[in-house]
>>> print(open('target07.pdb').read())   # PDB, C-alpha atoms (C1' of nucleotides)
ATOM      1  CA  MET R   1       0.000   0.000   0.000
ATOM      2  CA  ILE R   2       2.334   2.691   1.206
ATOM      3  CA  ASP R   3       5.005   0.909  -0.783
ATOM      4  CA  GLN R   4       3.255   2.035  -3.908
ATOM      5  CA  VAL R   5       4.143   5.536  -2.855
ATOM      6  CA  PHE R   6       7.778   4.611  -2.423
ATOM      7  CA  GLU R   7       7.631   3.129  -5.900
ATOM      8  CA  ILE R   8       6.496   6.428  -7.282
ATOM      9  CA  LEU R   9       9.480   8.125  -5.729
ATOM     10  CA  LYS R  10      11.827   5.651  -7.345
ATOM     11  CA  GLU R  11      10.171   6.061 -10.703
ATOM     12  CA  ASN R  12      10.914   9.732 -10.455
ATOM     13  CA  ASN R  13      14.546   9.149  -9.592
ATOM     14  CA  LEU R  14      14.152  10.399  -6.089
ATOM     15  CA  LYS R  15      16.309   8.791  -3.482
ATOM     16  CA  LEU R  16      14.556   7.060  -0.633
ATOM     17  CA  THR R  17      16.089   8.876   2.257
ATOM     18  CA  PRO R  18      14.838   8.262   5.767
ATOM     19  CA  GLN R  19      13.465  11.805   5.853
ATOM     20  CA  ARG R  20      11.380  11.249   2.759
ATOM     21  CA  LYS R  21      10.131   7.955   4.081
ATOM     22  CA  GLU R  22       9.065   9.542   7.325
ATOM     23  CA  ILE R  23       7.256  12.332   5.509
ATOM     24  CA  VAL R  24       5.466   9.852   3.307
ATOM     25  CA  LYS R  25       4.420   7.890   6.368
ATOM     26  CA  ILE R  26       3.000  10.966   8.005
ATOM     27  CA  LEU R  27       1.131  11.908   4.862
ATOM     28  CA  TRP R  28      -0.161   8.383   4.559
ATOM     29  CA  GLU R  29      -1.313   8.198   8.146
ATOM     30  CA  ASN R  30      -3.088  11.476   7.666
ATOM     31  CA  ARG R  31      -4.434  10.851   4.206
ATOM     32  CA  GLY R  32      -7.584  12.813   3.665
ATOM     33  CA  HIS R  33      -6.359  15.578   5.951
ATOM     34  CA  HIS R  34      -4.674  18.781   4.947
ATOM     35  CA  LEU R  35      -1.424  19.370   6.748
ATOM     36  CA  GLU R  36       0.759  22.422   7.063
ATOM     37  CA  ILE R  37       4.518  22.174   6.686
ATOM     38  CA  GLU R  38       5.000  23.013  10.320
ATOM     39  CA  VAL R  39       2.669  20.188  11.330
ATOM     40  CA  ILE R  40       4.410  17.661   9.143
ATOM     41  CA  TYR R  41       7.718  18.815  10.518
ATOM     42  CA  ASN R  42       6.556  18.397  14.099
ATOM     43  CA  LEU R  43       4.956  15.035  13.473
ATOM     44  CA  VAL R  44       8.150  13.723  11.952
ATOM     45  CA  ALA R  45      10.199  15.131  14.775
ATOM     46  CA  SER R  46       7.875  13.763  17.430
ATOM     47  CA  LYS R  47       8.253  10.288  16.014
ATOM     48  CA  GLY R  48      11.376  10.258  18.070
ATOM     49  CA  LYS R  49      13.575   9.139  15.220
ATOM     50  CA  LYS R  50      16.389  11.275  14.014
ATOM     51  CA  CYS R  51      15.406  14.859  13.527
ATOM     52  CA  ILE R  52      14.668  16.606  10.301
ATOM     53  CA  GLY R  53      15.183  20.160   9.097
ATOM     54  CA  LEU R  54      12.327  22.457   8.248
ATOM     55  CA  ALA R  55      13.950  23.229   4.921
ATOM     56  CA  THR R  56      13.936  19.566   4.069
ATOM     57  CA  VAL R  57      10.198  19.428   4.571
ATOM     58  CA  TYR R  58       9.730  22.437   2.325
ATOM     59  CA  ARG R  59      11.991  21.015  -0.356
ATOM     60  CA  THR R  60      10.377  17.620  -0.129
ATOM     61  CA  MET R  61       6.854  18.913  -0.431
ATOM     62  CA  GLU R  62       7.863  21.046  -3.379
ATOM     63  CA  LEU R  63       9.252  17.951  -5.053
ATOM     64  CA  PHE R  64       6.293  15.779  -4.186
ATOM     65  CA  ASN R  65       3.992  18.423  -5.558
ATOM     66  CA  LYS R  66       5.977  18.590  -8.767
ATOM     67  CA  ILE R  67       5.653  14.868  -9.396
ATOM     68  CA  GLY R  68       1.973  14.990  -8.562
ATOM     69  CA  LEU R  69       2.192  12.861  -5.452
ATOM     70  CA  ILE R  70       0.480  15.458  -3.321
ATOM     71  CA  SER R  71      -1.764  18.455  -3.730
ATOM     72  CA  ARG R  72      -0.950  21.822  -2.290
ATOM     73  CA  ILE R  73      -3.661  24.242  -1.433
ATOM     74  CA  THR R  74      -2.713  27.843  -0.873
ATOM     75  CA  MET R  75      -4.685  29.509   1.871
ATOM     76  CA  GLU R  76      -5.425  33.206   2.140
ATOM     77  CA  LYS R  77      -4.210  33.915   5.627
ATOM     78  CA  SER R  78      -2.307  30.867   6.700
ATOM     79  CA  PRO R  79       0.431  28.579   5.462
ATOM     80  CA  ALA R  80      -0.232  26.285   2.511
ATOM     81  CA  LYS R  81      -1.660  22.859   3.192
ATOM     82  CA  TYR R  82      -0.663  19.565   1.668
ATOM     83  CA  GLU R  83      -2.290  16.209   1.288
ATOM     84  CA  LEU R  84      -1.388  12.939  -0.306
ATOM     85  CA  ASN R  85      -3.088  12.210  -3.586
ATOM     86  CA  VAL R  86      -4.567   8.900  -2.693
ATOM     87  CA  PHE R  87      -5.353   6.795  -5.677
ATOM     88  CA  ASP R  88      -9.045   6.169  -5.310
ATOM     89  CA  LYS R  89      -9.701   9.788  -4.689
ATOM     90  CA  LEU R  90      -7.225  11.489  -6.890
ATOM     91  CA  ASN R  91      -9.805  13.804  -8.309
ATOM     92  CA  HIS R  92     -11.687  15.766  -5.766
ATOM     93  CA  HIS R  93     -12.186  19.396  -4.983
ATOM     94  CA  HIS R  94     -11.929  21.609  -1.976
ATOM     95  CA  LEU R  95     -14.766  23.504  -0.431
ATOM     96  CA  ILE R  96     -13.052  26.029   1.757
ATOM     97  CA  CYS R  97     -15.044  27.744   4.463
ATOM     98  CA  LEU R  98     -14.263  31.437   4.515
ATOM     99  CA  LYS R  99     -15.207  31.671   8.154
ATOM    100  CA  CYS R 100     -13.668  28.721   9.926
ATOM    101  CA  GLY R 101     -11.173  27.666   7.267
ATOM    102  CA  GLN R 102     -12.416  24.101   7.295
ATOM    103  CA  VAL R 103     -11.764  22.200   4.089
ATOM    104  CA  GLN R 104     -14.433  19.833   2.791
ATOM    105  CA  GLU R 105     -14.111  17.744  -0.282
ATOM    106  CA  ILE R 106     -16.392  16.766  -3.068
ATOM    107  CA  SER R 107     -15.717  14.113  -5.624
ATOM    108  CA  ASP R 108     -14.917  14.782  -9.197
ATOM    109  CA  ASP R 109     -18.124  13.114 -10.292
ATOM    110  CA  ILE R 110     -20.057  16.155  -9.280
ATOM    111  CA  ALA R 111     -17.643  18.382 -11.110
ATOM    112  CA  SER R 112     -16.941  16.468 -14.249
ATOM    113  CA  GLU R 113     -19.823  17.821 -16.259
ATOM    114  CA  PHE R 114     -18.802  21.289 -15.203
ATOM    115  CA  LYS R 115     -15.288  20.608 -16.410
ATOM    116  CA  THR R 116     -16.532  19.452 -19.757
ATOM    117  CA  ILE R 117     -18.485  22.626 -20.221
ATOM    118  CA  ILE R 118     -15.443  24.707 -19.325
ATOM    119  CA  ALA R 119     -13.334  22.818 -21.799
ATOM    120  CA  GLU R 120     -15.826  23.550 -24.539
ATOM    121  CA  GLU R 121     -16.798  27.088 -23.750
ATOM    122  CA  ALA R 122     -13.473  28.460 -22.618
ATOM    123  CA  ASP R 123     -11.009  26.202 -24.374
ATOM    124  CA  PHE R 124      -9.427  25.465 -21.030
ATOM    125  CA  LYS R 125      -8.332  22.050 -19.813
ATOM    126  CA  VAL R 126      -9.062  21.807 -16.114
ATOM    127  CA  ALA R 127      -6.174  20.103 -14.373
ATOM    128  CA  ASP R 128      -6.543  16.921 -12.406
ATOM    129  CA  LYS R 129      -6.053  18.959  -9.326
ATOM    130  CA  PRO R 130      -8.417  20.144  -6.692
ATOM    131  CA  MET R 131     -10.394  23.239  -7.525
ATOM    132  CA  LYS R 132     -10.760  25.753  -4.752
ATOM    133  CA  ILE R 133     -14.283  26.752  -4.043
ATOM    134  CA  TYR R 134     -14.874  29.312  -1.338
ATOM    135  CA  GLY R 135     -18.024  29.592   0.652
ATOM    136  CA  TYR R 136     -19.584  28.782   3.979
ATOM    137  CA  CYS R 137     -19.914  25.401   5.566
ATOM    138  CA  SER R 138     -23.102  24.362   7.260
ATOM    139  CA  LYS R 139     -21.870  25.531  10.663
ATOM    140  CA  CYS R 140     -20.821  28.968   9.481
ATOM    141  CA  ARG R 141     -23.593  29.685   7.039
ATOM    142  CA  GLU R 142     -23.225  33.111   5.470
ATOM    143  CA  PRO R 143     -24.624  35.822   7.731
TER     144      PRO R 143
ATOM    145  CA  MET P   1     -19.962  55.200 -12.771
ATOM    146  CA  ILE P   2     -16.879  55.273 -10.644
ATOM    147  CA  ASP P   3     -18.885  57.407  -8.257
ATOM    148  CA  GLN P   4     -20.941  54.352  -7.455
ATOM    149  CA  VAL P   5     -17.796  52.881  -6.010
ATOM    150  CA  PHE P   6     -17.230  55.924  -3.854
ATOM    151  CA  GLU P   7     -20.813  55.551  -2.682
ATOM    152  CA  ILE P   8     -20.071  52.038  -1.540
ATOM    153  CA  LEU P   9     -17.187  53.288   0.529
ATOM    154  CA  LYS P  10     -19.422  55.844   2.215
ATOM    155  CA  GLU P  11     -22.080  53.252   2.911
ATOM    156  CA  ASN P  12     -19.443  51.270   4.744
ATOM    157  CA  ASN P  13     -18.361  54.269   6.792
ATOM    158  CA  LEU P  14     -15.011  54.493   5.095
ATOM    159  CA  LYS P  15     -13.596  57.948   4.700
ATOM    160  CA  LEU P  16     -12.892  59.107   1.199
ATOM    161  CA  THR P  17      -9.239  59.904   1.524
ATOM    162  CA  PRO P  18      -7.236  60.899  -1.537
ATOM    163  CA  GLN P  19      -5.286  57.646  -1.267
ATOM    164  CA  ARG P  20      -8.416  55.542  -1.383
ATOM    165  CA  LYS P  21      -9.745  57.542  -4.299
ATOM    166  CA  GLU P  22      -6.548  57.013  -6.238
ATOM    167  CA  ILE P  23      -6.603  53.287  -5.559
ATOM    168  CA  VAL P  24     -10.192  53.057  -6.670
ATOM    169  CA  LYS P  25      -9.313  54.924  -9.855
ATOM    170  CA  ILE P  26      -6.496  52.542 -10.615
ATOM    171  CA  LEU P  27      -8.715  49.547  -9.986
ATOM    172  CA  TRP P  28     -11.396  51.063 -12.153
ATOM    173  CA  GLU P  29      -9.058  51.842 -15.004
ATOM    174  CA  ASN P  30      -7.797  48.285 -14.841
ATOM    175  CA  ARG P  31     -11.092  46.565 -14.242
ATOM    176  CA  GLY P  32     -11.013  43.063 -15.571
ATOM    177  CA  HIS P  33      -7.299  42.803 -14.815
ATOM    178  CA  HIS P  34      -5.711  41.242 -11.779
ATOM    179  CA  LEU P  35      -3.271  43.538 -10.062
ATOM    180  CA  GLU P  36      -0.657  42.908  -7.415
ATOM    181  CA  ILE P  37      -0.252  45.260  -4.478
ATOM    182  CA  GLU P  38       3.123  46.357  -5.752
ATOM    183  CA  VAL P  39       1.628  47.250  -9.121
ATOM    184  CA  ILE P  40      -1.195  49.230  -7.592
ATOM    185  CA  TYR P  41       1.297  51.001  -5.396
ATOM    186  CA  ASN P  42       3.484  51.925  -8.339
ATOM    187  CA  LEU P  43       0.586  53.023 -10.496
ATOM    188  CA  VAL P  44      -0.666  55.322  -7.782
ATOM    189  CA  ALA P  45       2.789  56.677  -7.196
ATOM    190  CA  SER P  46       3.434  57.198 -10.894
ATOM    191  CA  LYS P  47       0.300  59.293 -11.189
ATOM    192  CA  GLY P  48       2.532  62.018  -9.916
ATOM    193  CA  LYS P  49       0.169  63.082  -7.179
ATOM    194  CA  LYS P  50       1.231  62.900  -3.614
ATOM    195  CA  CYS P  51       2.818  59.638  -2.733
ATOM    196  CA  ILE P  52       1.299  56.762  -0.886
ATOM    197  CA  GLY P  53       2.680  54.168   1.502
ATOM    198  CA  LEU P  54       2.826  50.478   0.691
ATOM    199  CA  ALA P  55       1.156  49.709   3.995
ATOM    200  CA  THR P  56      -1.754  51.897   3.018
ATOM    201  CA  VAL P  57      -2.281  49.881  -0.128
ATOM    202  CA  TYR P  58      -2.235  46.662   1.873
ATOM    203  CA  ARG P  59      -4.625  48.026   4.445
ATOM    204  CA  THR P  60      -6.915  49.446   1.821
ATOM    205  CA  MET P  61      -7.109  46.260  -0.174
ATOM    206  CA  GLU P  62      -7.806  44.295   2.984
ATOM    207  CA  LEU P  63     -10.657  46.651   3.736
ATOM    208  CA  PHE P  64     -12.004  46.638   0.203
ATOM    209  CA  ASN P  65     -11.907  42.880   0.235
ATOM    210  CA  LYS P  66     -13.792  42.796   3.487
ATOM    211  CA  ILE P  67     -16.637  44.891   2.163
ATOM    212  CA  GLY P  68     -16.750  42.851  -1.012
ATOM    213  CA  LEU P  69     -15.674  45.635  -3.320
ATOM    214  CA  ILE P  70     -12.852  43.598  -4.749
ATOM    215  CA  SER P  71     -11.806  39.991  -5.064
ATOM    216  CA  ARG P  72      -8.454  38.732  -3.939
ATOM    217  CA  ILE P  73      -6.939  35.706  -5.510
ATOM    218  CA  THR P  74      -4.072  34.033  -3.720
ATOM    219  CA  MET P  75      -1.415  32.706  -6.054
ATOM    220  CA  GLU P  76       0.901  29.793  -5.344
ATOM    221  CA  LYS P  77       4.234  31.384  -6.000
ATOM    222  CA  SER P  78       3.597  35.071  -6.305
ATOM    223  CA  PRO P  79       1.868  37.852  -4.441
ATOM    224  CA  ALA P  80      -1.921  37.904  -4.261
ATOM    225  CA  LYS P  81      -3.851  39.655  -7.011
ATOM    226  CA  TYR P  82      -6.799  41.960  -6.701
ATOM    227  CA  GLU P  83      -9.531  43.122  -8.997
ATOM    228  CA  LEU P  84     -12.554  45.331  -8.731
ATOM    229  CA  ASN P  85     -15.875  43.546  -8.545
ATOM    230  CA  VAL P  86     -17.561  45.252 -11.416
ATOM    231  CA  PHE P  87     -21.304  45.136 -11.234
ATOM    232  CA  ASP P  88     -22.281  43.471 -14.436
ATOM    233  CA  LYS P  89     -19.778  40.740 -13.856
ATOM    234  CA  LEU P  90     -19.820  40.369 -10.142
ATOM    235  CA  ASN P  91     -20.050  36.632 -10.329
ATOM    236  CA  HIS P  92     -17.374  35.040 -12.370
ATOM    237  CA  HIS P  93     -14.656  32.523 -11.814
ATOM    238  CA  HIS P  94     -10.992  32.257 -12.483
ATOM    239  CA  LEU P  95      -9.379  29.770 -14.759
ATOM    240  CA  ILE P  96      -5.748  29.925 -13.755
ATOM    241  CA  CYS P  97      -3.168  28.513 -16.120
ATOM    242  CA  LEU P  98      -0.630  26.475 -14.206
ATOM    243  CA  LYS P  99       1.986  27.060 -16.839
ATOM    244  CA  CYS P 100       1.828  30.713 -17.795
ATOM    245  CA  GLY P 101      -0.178  32.000 -14.854
ATOM    246  CA  GLN P 102      -2.686  33.681 -17.104
ATOM    247  CA  VAL P 103      -6.089  34.223 -15.530
ATOM    248  CA  GLN P 104      -9.179  33.707 -17.657
ATOM    249  CA  GLU P 105     -12.693  34.219 -16.481
ATOM    250  CA  ILE P 106     -15.922  32.419 -16.991
ATOM    251  CA  SER P 107     -19.310  33.704 -16.068
ATOM    252  CA  ASP P 108     -21.398  32.415 -13.254
ATOM    253  CA  ASP P 109     -24.008  31.119 -15.670
ATOM    254  CA  ILE P 110     -21.804  28.197 -16.480
ATOM    255  CA  ALA P 111     -21.167  27.552 -12.847
ATOM    256  CA  SER P 112     -24.521  28.127 -11.266
ATOM    257  CA  GLU P 113     -25.859  24.671 -11.800
ATOM    258  CA  PHE P 114     -22.658  23.301 -10.334
ATOM    259  CA  LYS P 115     -23.129  25.511  -7.297
ATOM    260  CA  THR P 116     -26.648  24.276  -6.808
ATOM    261  CA  ILE P 117     -25.477  20.708  -6.814
ATOM    262  CA  ILE P 118     -22.780  21.513  -4.280
ATOM    263  CA  ALA P 119     -25.291  23.206  -2.046
ATOM    264  CA  GLU P 120     -27.470  20.138  -2.093
ATOM    265  CA  GLU P 121     -24.898  17.407  -1.920
ATOM    266  CA  ALA P 122     -22.413  18.946   0.438
ATOM    267  CA  ASP P 123     -24.515  21.409   2.393
ATOM    268  CA  PHE P 124     -22.101  24.113   1.429
ATOM    269  CA  LYS P 125     -23.059  27.595   0.287
ATOM    270  CA  VAL P 126     -20.658  28.685  -2.404
ATOM    271  CA  ALA P 127     -19.733  32.315  -1.862
ATOM    272  CA  ASP P 128     -20.346  34.997  -4.428
ATOM    273  CA  LYS P 129     -16.659  35.035  -5.024
ATOM    274  CA  PRO P 130     -14.537  33.708  -7.816
ATOM    275  CA  MET P 131     -13.722  30.027  -7.658
ATOM    276  CA  LYS P 132     -10.183  29.115  -8.545
ATOM    277  CA  ILE P 133      -9.906  26.505 -11.184
ATOM    278  CA  TYR P 134      -6.451  25.375 -12.182
ATOM    279  CA  GLY P 135      -5.565  23.966 -15.543
ATOM    280  CA  TYR P 136      -3.993  24.782 -18.868
ATOM    281  CA  CYS P 137      -5.012  27.488 -21.251
ATOM    282  CA  SER P 138      -5.213  26.841 -24.958
ATOM    283  CA  LYS P 139      -1.645  28.038 -25.483
ATOM    284  CA  CYS P 140      -0.119  25.904 -22.774
ATOM    285  CA  ARG P 141      -2.164  22.765 -23.206
ATOM    286  CA  GLU P 142      -1.136  20.043 -20.796
ATOM    287  CA  PRO P 143       1.900  18.113 -22.003
TER     288      PRO P 143
ATOM    289  C1'  DC E   1     -12.890  68.423  17.420
ATOM    290  C1'  DT E   2     -12.473  63.396  17.344
ATOM    291  C1'  DA E   3     -12.275  59.125  15.409
ATOM    292  C1'  DT E   4      -9.942  57.416  11.278
ATOM    293  C1'  DT E   5      -6.353  57.067   8.390
ATOM    294  C1'  DT E   6      -1.696  57.596   6.948
ATOM    295  C1'  DG E   7       3.415  56.835   6.485
ATOM    296  C1'  DC E   8       7.311  54.996   8.054
ATOM    297  C1'  DA E   9      10.092  51.731   9.713
ATOM    298  C1'  DA E  10      10.328  47.808  12.286
ATOM    299  C1'  DA E  11       8.552  43.267  13.104
ATOM    300  C1'  DG E  12       6.247  38.893  11.582
ATOM    301  C1'  DA E  13       5.352  35.037   8.962
ATOM    302  C1'  DT E  14       6.319  31.963   5.481
ATOM    303  C1'  DT E  15       9.318  30.168   2.194
ATOM    304  C1'  DT E  16      13.771  29.852  -0.326
ATOM    305  C1'  DT E  17      18.750  29.458  -0.767
ATOM    306  C1'  DG E  18      24.008  28.867  -0.108
ATOM    307  C1'  DC E  19      27.161  25.923   1.410
ATOM    308  C1'  DA E  20      29.600  22.437   3.780
ATOM    309  C1'  DT E  21      28.584  17.770   5.227
ATOM    310  C1'  DA E  22      26.330  13.325   4.888
ATOM    311  C1'  DA E  23      24.645   9.358   2.530
ATOM    312  C1'  DC E  24      21.820   6.789  -1.207
ATOM    313  C1'  DG E  25      22.419   3.871  -4.965
TER     314       DG E  25
ATOM    315  C1'  DC V   1      32.509   7.057  -5.618
ATOM    316  C1'  DG V   2      29.604  10.686  -7.598
ATOM    317  C1'  DT V   3      25.500  12.656  -7.522
ATOM    318  C1'  DT V   4      21.813  13.918  -4.766
ATOM    319  C1'  DA V   5      19.960  15.246  -0.387
ATOM    320  C1'  DT V   6      20.352  17.267   4.221
ATOM    321  C1'  DG V   7      20.789  20.733   7.987
ATOM    322  C1'  DC V   8      21.618  25.014   9.452
ATOM    323  C1'  DA V   9      21.431  29.677   9.362
ATOM    324  C1'  DA V  10      21.024  33.490   6.684
ATOM    325  C1'  DA V  11      18.298  35.771   3.124
ATOM    326  C1'  DA V  12      14.304  36.758   0.478
ATOM    327  C1'  DT V  13       9.367  37.658   0.074
ATOM    328  C1'  DC V  14       5.209  39.118   1.235
ATOM    329  C1'  DT V  15       2.344  41.107   4.684
ATOM    330  C1'  DT V  16       1.132  43.120   9.154
ATOM    331  C1'  DT V  17       1.699  46.294  13.010
ATOM    332  C1'  DG V  18       2.955  50.180  16.424
ATOM    333  C1'  DC V  19       2.975  54.755  16.832
ATOM    334  C1'  DA V  20       3.081  59.601  16.124
ATOM    335  C1'  DA V  21       1.407  62.899  12.861
ATOM    336  C1'  DA V  22      -2.160  64.198   9.581
ATOM    337  C1'  DT V  23      -6.930  64.722   8.143
ATOM    338  C1'  DA V  24     -11.899  63.678   6.754
ATOM    339  C1'  DG V  25     -16.345  64.603   8.220
TER     340       DG V  25
END
>>> encode(input="target07.pdb", output="C-alpha cells")
Amino acid sequence: MIDQVFEILKENNLKLTPQRKEIVKILWENRGHHLEIEVIYNLVASKGKKCIGLATVYRTMELFNKIGLISRITMEKSPAKYELNVFDKLNHHHLICLKCGQVQEISDDIASEFKTIIAEEADFKVADKPMKIYGYCSKCREP
Amino acid sequence: MIDQVFEILKENNLKLTPQRKEIVKILWENRGHHLEIEVIYNLVASKGKKCIGLATVYRTMELFNKIGLISRITMEKSPAKYELNVFDKLNHHHLICLKCGQVQEISDDIASEFKTIIAEEADFKVADKPMKIYGYCSKCREP
DNA sequence: CTATTTGCAAAGATTTTGCATAACG
DNA sequence: CGTTATGCAAAATCTTTGCAAATAG
C-alpha cells in the first residue's frame, strides 16, 4: 500500500532517504487531511527518530507536488496545506469555508460535467487537481 | 460610474481619503485585470500626485476585500492579485493557467448549476466570489 | 474636534537558498 | 565514488503592526 508511494518516488529518480520515508508515512497516516509544513515537521520530529530540518520538509513537499504525489492548497491567511493524492480519490475538490477555514471535499463526479463545459466554452483544460471553491460550511452559514 | 464605487465606501463608513480615491481609480481603469499590491502602489505613485505608503495599499485592499468591493486571488508562487468587482460581472470565476499563470474568467451562468449541486450534496453555500480553477489554457495545453 | 487614516520603519510570517557535510544507490 | 539530499542559518518575500502625525467629516 504505502510501498506504492515509495515506488512512485523511485520512478521519479528520487532517493529514498529516511526523511522522505518519514514524511510519506505521516502523509499516509493522515491521508484525507490537509497538513501544514509546520505540522508535518513536528509530526516527523515527534516520532522520536532522528530529527529533520524544516527546509527539508519544504523542499520535499515542493518535489512531491511537482511529481503529482500530493496536492498543495494555498490559503489566504495561513500557510499552505498539503495532502497525499490517494489513488481512489485522486480527483476531488476543496470547499473552503471562509469563516472557519475548514476544508471539505467533493468528488470529481459532481464536477466532471462542469469541467466538460469549461473545456468547450473556454477552451481550457481543467487540471486533475483540486479546484478551490470558497463559501460557507453548514456551521458557518453566510450571515 | 466610478462614483458608485465611492458611494459604496461611504455606505461602509469608510472615509474618502485621496489615497483611497486614487486606488479606486487605478482599480477602475484596470477593471477586468488582476493587479498585485506592488503594481497598484506603483501606479498610484506614478500618477505624480502625492505619494502613498505600501502599507496603506495593503490596508486598503484588505478593507475593500472585506466589504466585497474587490476579489483577492491568492497565487501559489507570487503575491496575491486583486480586482474590482464590477457590477455586471460580479459573479465570475478564475481559470488559472498552471503554466503561464494567465487568468481567464468564466461567467457564473456556467457555474450556477454546479453551485446548486454543491449546495445540495455537500450542504455548502458557495460564496459569491470567484472560484479558482487550475488547468492549462489553450496556449499551454497540458503536455 | 475626534475618530480614522496615513506613512514609516520595524517586526512577523512563510518560504527559499548557499554551502559544507552526509549518505543513497 | 559521484550525484543527490540534508541541515543550518542566513536571506528573500510578502504582509502586518505600532505609533506619532495628519486629516476627513
>>> residues_near_point(input="target07.pdb", point="(-1.7, 57.5, 11.2)", cutoff="8 Å", atoms="only C-alpha atoms (C1' of nucleotides)", output="number ranges by chain")
E: 5-7; V: 19-22
>>> atom_distance(input="target07.pdb", atom1="atom CA of Lys129 of chain R", atom2="atom CA of Leu95 of chain R")
13.3 Å
>>> closest_atom_pairs(input="target07.pdb", of="chain E", to="chain R", cutoff="9 Å", atoms="only C-alpha atoms (C1' of nucleotides)", output="JSON lines")
{"residue": "E:DA13", "atom": "C1'", "partner": "R:Pro79", "partner_atom": "CA", "distance": 8.8}
{"residue": "E:DT14", "atom": "C1'", "partner": "R:Pro79", "partner_atom": "CA", "distance": 6.8}
{"residue": "E:DT15", "atom": "C1'", "partner": "R:Tyr58", "partner_atom": "CA", "distance": 7.7}
{"residue": "E:DT16", "atom": "C1'", "partner": "R:Ala55", "partner_atom": "CA", "distance": 8.5}
{"residue": "E:DA23", "atom": "C1'", "partner": "R:Thr17", "partner_atom": "CA", "distance": 8.6}
{"residue": "E:DC24", "atom": "C1'", "partner": "R:Lys15", "partner_atom": "CA", "distance": 6.3}
{"residue": "E:DG25", "atom": "C1'", "partner": "R:Lys15", "partner_atom": "CA", "distance": 8.0}
>>> closest_residue(input="target07.pdb", among="P:Glu83, P:Asp109, P:Glu121, P:Glu11", to="Ile23 of chain P", atoms="all atoms listed in the file")
P:Glu83
>>> interface_residues(input="target07.pdb", of="chain V", to="chain P", cutoff="12 Å", atoms="only C-alpha atoms (C1' of nucleotides)", output="list in words")
DT13, DC14, DT15, DT16, DT17, DA22, DT23, DA24 and DG25 of chain V
>>> residues_around(input="target07.pdb", residues="Thr60 of chain R", least_positions_apart="3", cutoff="9 Å", atoms="all atoms listed in the file", output="JSON, numbers by chain")
{"R": [19, 20, 23, 55, 56, 57, 63, 64, 65]}
>>> resolve_selection(input="target07.pdb", expression="the PyMOL selection byres ((chain P) within 10 of (chain R))", output="MDAnalysis selection string")
chainID P and resid 72:77 80 93 95:98 104:106 110:115 117:119 121:142
>>> write_last_selection(input="target07.pdb", atoms="C-alpha atoms", output="tab-separated table (two decimals), keeping the file's coordinate frame")
chain	number	residue	atom	x	y	z
P	72	ARG	CA	-8.45	38.73	-3.94
P	73	ILE	CA	-6.94	35.71	-5.51
P	74	THR	CA	-4.07	34.03	-3.72
P	75	MET	CA	-1.42	32.71	-6.05
P	76	GLU	CA	0.90	29.79	-5.34
P	77	LYS	CA	4.23	31.38	-6.00
P	80	ALA	CA	-1.92	37.90	-4.26
P	93	HIS	CA	-14.66	32.52	-11.81
P	95	LEU	CA	-9.38	29.77	-14.76
P	96	ILE	CA	-5.75	29.92	-13.76
P	97	CYS	CA	-3.17	28.51	-16.12
P	98	LEU	CA	-0.63	26.48	-14.21
P	104	GLN	CA	-9.18	33.71	-17.66
P	105	GLU	CA	-12.69	34.22	-16.48
P	106	ILE	CA	-15.92	32.42	-16.99
P	110	ILE	CA	-21.80	28.20	-16.48
P	111	ALA	CA	-21.17	27.55	-12.85
P	112	SER	CA	-24.52	28.13	-11.27
P	113	GLU	CA	-25.86	24.67	-11.80
P	114	PHE	CA	-22.66	23.30	-10.33
P	115	LYS	CA	-23.13	25.51	-7.30
P	117	ILE	CA	-25.48	20.71	-6.81
P	118	ILE	CA	-22.78	21.51	-4.28
P	119	ALA	CA	-25.29	23.21	-2.05
P	121	GLU	CA	-24.90	17.41	-1.92
P	122	ALA	CA	-22.41	18.95	0.44
P	123	ASP	CA	-24.52	21.41	2.39
P	124	PHE	CA	-22.10	24.11	1.43
P	125	LYS	CA	-23.06	27.60	0.29
P	126	VAL	CA	-20.66	28.68	-2.40
P	127	ALA	CA	-19.73	32.32	-1.86
P	128	ASP	CA	-20.35	35.00	-4.43
P	129	LYS	CA	-16.66	35.03	-5.02
P	130	PRO	CA	-14.54	33.71	-7.82
P	131	MET	CA	-13.72	30.03	-7.66
P	132	LYS	CA	-10.18	29.12	-8.54
P	133	ILE	CA	-9.91	26.50	-11.18
P	134	TYR	CA	-6.45	25.38	-12.18
P	135	GLY	CA	-5.56	23.97	-15.54
P	136	TYR	CA	-3.99	24.78	-18.87
P	137	CYS	CA	-5.01	27.49	-21.25
P	138	SER	CA	-5.21	26.84	-24.96
P	139	LYS	CA	-1.64	28.04	-25.48
P	140	CYS	CA	-0.12	25.90	-22.77
P	141	ARG	CA	-2.16	22.76	-23.21
P	142	GLU	CA	-1.14	20.04	-20.80
>>> atom_distance(input="target07.pdb", atom1="atom CA of Ile67 of chain P", atom2="atom CA of Val44 of chain P")
21.5 Å
>>> residues_around(input="target07.pdb", residues="segment 32-39 of chain P", least_positions_apart="3", cutoff="6 Å", atoms="all atoms listed in the file", output="list in words")
Asn42, Lys81, Tyr82 and Glu83 of chain P
>>> atom_distance(input="target07.pdb", atom1="atom CA of Ala45 of chain P", atom2="atom CA of Trp28 of chain P")
16.0 Å
>>> residues_around(input="target07.pdb", residues="DA9 of chain V", least_positions_apart="5", cutoff="12 Å", atoms="only C-alpha atoms (C1' of nucleotides)", output="list in words")
Gly53, Leu54 and Ala55 of chain R; DT17, DG18 and DC19 of chain E
>>> residues_near_point(input="target07.pdb", point="(-2.5, 8.9, -4.2)", cutoff="12 Å", atoms="all atoms listed in the file", output="PyMOL selection string")
chain R and resi 1-8+24+27-28+31-32+64-65+67-71+83-92+129
>>> residues_around(input="target07.pdb", residues="DA20 of chain E", least_positions_apart="4", cutoff="12 Å", atoms="only C-alpha atoms (C1' of nucleotides)", output="short mmCIF file (atom, residue, chain, number, x, y, z; two decimals) with C-alpha atoms (C1' of nucleotides), keeping the file's coordinate frame")
data_model
loop_
_atom_site.label_atom_id
_atom_site.label_comp_id
_atom_site.auth_asym_id
_atom_site.auth_seq_id
_atom_site.Cartn_x
_atom_site.Cartn_y
_atom_site.Cartn_z
"C1'" DT V 6 20.35 17.27 4.22
"C1'" DG V 7 20.79 20.73 7.99
"C1'" DC V 8 21.62 25.01 9.45
#
>>> axis_aligned_box(input="target07.pdb", around="segment 3-21 of chain E", padding_each_side="5 Å", output="lines of an AutoDock Vina configuration file")
center_x = 8.7
center_y = 38.4
center_z = 7.3
size_x = 51.9
size_y = 51.4
size_z = 26.2
